[in-house]
Amino acid sequence: MPQYQDSCPLCGRNADVRPLERERFLVRCPFCRPVILDERLFEVLTNARRRNIAAVLDLLPGLSLASQRTCERGELLILTSTNWVRVSMAHSQMPAETARAGSF
Ligand SMILES: [Zn+2]
């Protein structure tokens with residue numbers, strides 16, 4: 001079990017984190033808005049923050065943006081260990097192709 005903490009795994013700001021049923025967590029962050037994460041993803045993101053794993057941290061702004069946009073539509077984003085990379089890519093400001101082309 002991950003440690004319950006009071007910071008948002010997406011942006012690091014103070015947030016209200018509480019466990020839900022079926023190994024999910026509800027994060028109520030003033031910046032990212034409410035978002036649900038499953039336990040595995042929660043652990044991945046918490047670990048990445050602690051160890052400063054850039055490959056994961058680079059995807060966090062996209063997740064935060066996805067949550068904000070979902071909330072604006074009156075819905076609640078559910079992030080899982082299987083959908084989070086796709087969700088982040090879809091909402092990152094720089095398309096993956098552009099980022100790749102720019103690095104050469
Ligand atoms: Zn946040």
# chains A, B, ... in the order shown; residues from 1 in each chain; ligands from 1
>>> closest_atom_pairs(of="chain A", to="ligand 1", cutoff="10 Å", atoms="only C-alpha atoms and all ligand atoms", output="CSV")
residue,atom,partner,partner_atom_place_in_ligand_line,distance
A:Ser7,CA,ligand 1,1 (Zn),7.7
A:Cys8,CA,ligand 1,1 (Zn),4.5
A:Pro9,CA,ligand 1,1 (Zn),6.6
A:Leu10,CA,ligand 1,1 (Zn),4.9
A:Cys11,CA,ligand 1,1 (Zn),4.1
A:Gly12,CA,ligand 1,1 (Zn),6.0
A:Arg13,CA,ligand 1,1 (Zn),5.6
A:Asn14,CA,ligand 1,1 (Zn),7.7
A:Ala15,CA,ligand 1,1 (Zn),6.9
A:Asp16,CA,ligand 1,1 (Zn),9.9
A:Val27,CA,ligand 1,1 (Zn),8.0
A:Arg28,CA,ligand 1,1 (Zn),7.8
A:Cys29,CA,ligand 1,1 (Zn),4.7
A:Pro30,CA,ligand 1,1 (Zn),6.6
A:Phe31,CA,ligand 1,1 (Zn),5.0
A:Cys32,CA,ligand 1,1 (Zn),4.1
A:Arg33,CA,ligand 1,1 (Zn),6.9
A:Pro34,CA,ligand 1,1 (Zn),8.5
A:Val35,CA,ligand 1,1 (Zn),8.7
A:Leu60,CA,ligand 1,1 (Zn),9.3
A:Pro61,CA,ligand 1,1 (Zn),9.3
A:Leu63,CA,ligand 1,1 (Zn),9.2
A:Ser64,CA,ligand 1,1 (Zn),6.4
A:Leu65,CA,ligand 1,1 (Zn),9.5
A:Ser67,CA,ligand 1,1 (Zn),9.0
A:Gln68,CA,ligand 1,1 (Zn),9.4
>>> write_last_selection(atoms="C-alpha atoms", output="PDB file, in the first residue's frame")
ATOM      1  CA  SER A   7       0.211  16.163  -1.948  1.00  0.00           C
ATOM      2  CA  CYS A   8      -1.077  15.743  -5.476  1.00  0.00           C
ATOM      3  CA  PRO A   9       0.872  13.078  -7.418  1.00  0.00           C
ATOM      4  CA  LEU A  10       0.352  15.056 -10.636  1.00  0.00           C
ATOM      5  CA  CYS A  11       1.576  18.515  -9.630  1.00  0.00           C
ATOM      6  CA  GLY A  12       2.966  18.173  -6.094  1.00  0.00           C
ATOM      7  CA  ARG A  13       0.697  20.825  -4.597  1.00  0.00           C
ATOM      8  CA  ASN A  14      -1.143  20.255  -1.342  1.00  0.00           C
ATOM      9  CA  ALA A  15      -4.196  18.144  -2.037  1.00  0.00           C
ATOM     10  CA  ASP A  16      -6.760  16.035  -0.280  1.00  0.00           C
ATOM     11  CA  VAL A  27      -7.172  13.267  -5.260  1.00  0.00           C
ATOM     12  CA  ARG A  28      -8.767  16.655  -4.764  1.00  0.00           C
ATOM     13  CA  CYS A  29      -6.186  19.139  -5.974  1.00  0.00           C
ATOM     14  CA  PRO A  30      -6.928  22.866  -6.315  1.00  0.00           C
ATOM     15  CA  PHE A  31      -4.791  23.004  -9.464  1.00  0.00           C
ATOM     16  CA  CYS A  32      -5.500  19.689 -11.262  1.00  0.00           C
ATOM     17  CA  ARG A  33      -9.091  19.512  -9.985  1.00  0.00           C
ATOM     18  CA  PRO A  34     -10.506  16.211  -8.704  1.00  0.00           C
ATOM     19  CA  VAL A  35      -8.986  13.129 -10.321  1.00  0.00           C
ATOM     20  CA  LEU A  60       2.770  14.745 -15.420  1.00  0.00           C
ATOM     21  CA  PRO A  61       1.842  18.138 -16.959  1.00  0.00           C
ATOM     22  CA  LEU A  63      -2.040  14.378 -16.903  1.00  0.00           C
ATOM     23  CA  SER A  64      -2.764  17.547 -14.969  1.00  0.00           C
ATOM     24  CA  LEU A  65      -4.089  19.241 -18.095  1.00  0.00           C
ATOM     25  CA  SER A  67      -7.770  16.299 -15.494  1.00  0.00           C
ATOM     26  CA  GLN A  68      -8.500  20.026 -15.723  1.00  0.00           C
TER      27      GLN A  68
END
>>> residues_around(residues="segment 41-51 of chain A", least_positions_apart="6", cutoff="7 Å", atoms="only C-alpha atoms", output="PyMOL selection string")
chain A and resi 2+9+57+80-81
>>> select_by_dssp(residues="chain A", states="strand (DSSP E)", output="list of chain:residue names")
A:Asp16, A:Val17, A:Arg18, A:Pro19, A:Leu20, A:Arg24, A:Phe25, A:Leu26, A:Val27, A:Arg28, A:Cys29, A:Arg33, A:Pro34, A:Val35, A:Ile36, A:Leu37, A:Asp38, A:Leu77, A:Ile78, A:Leu79
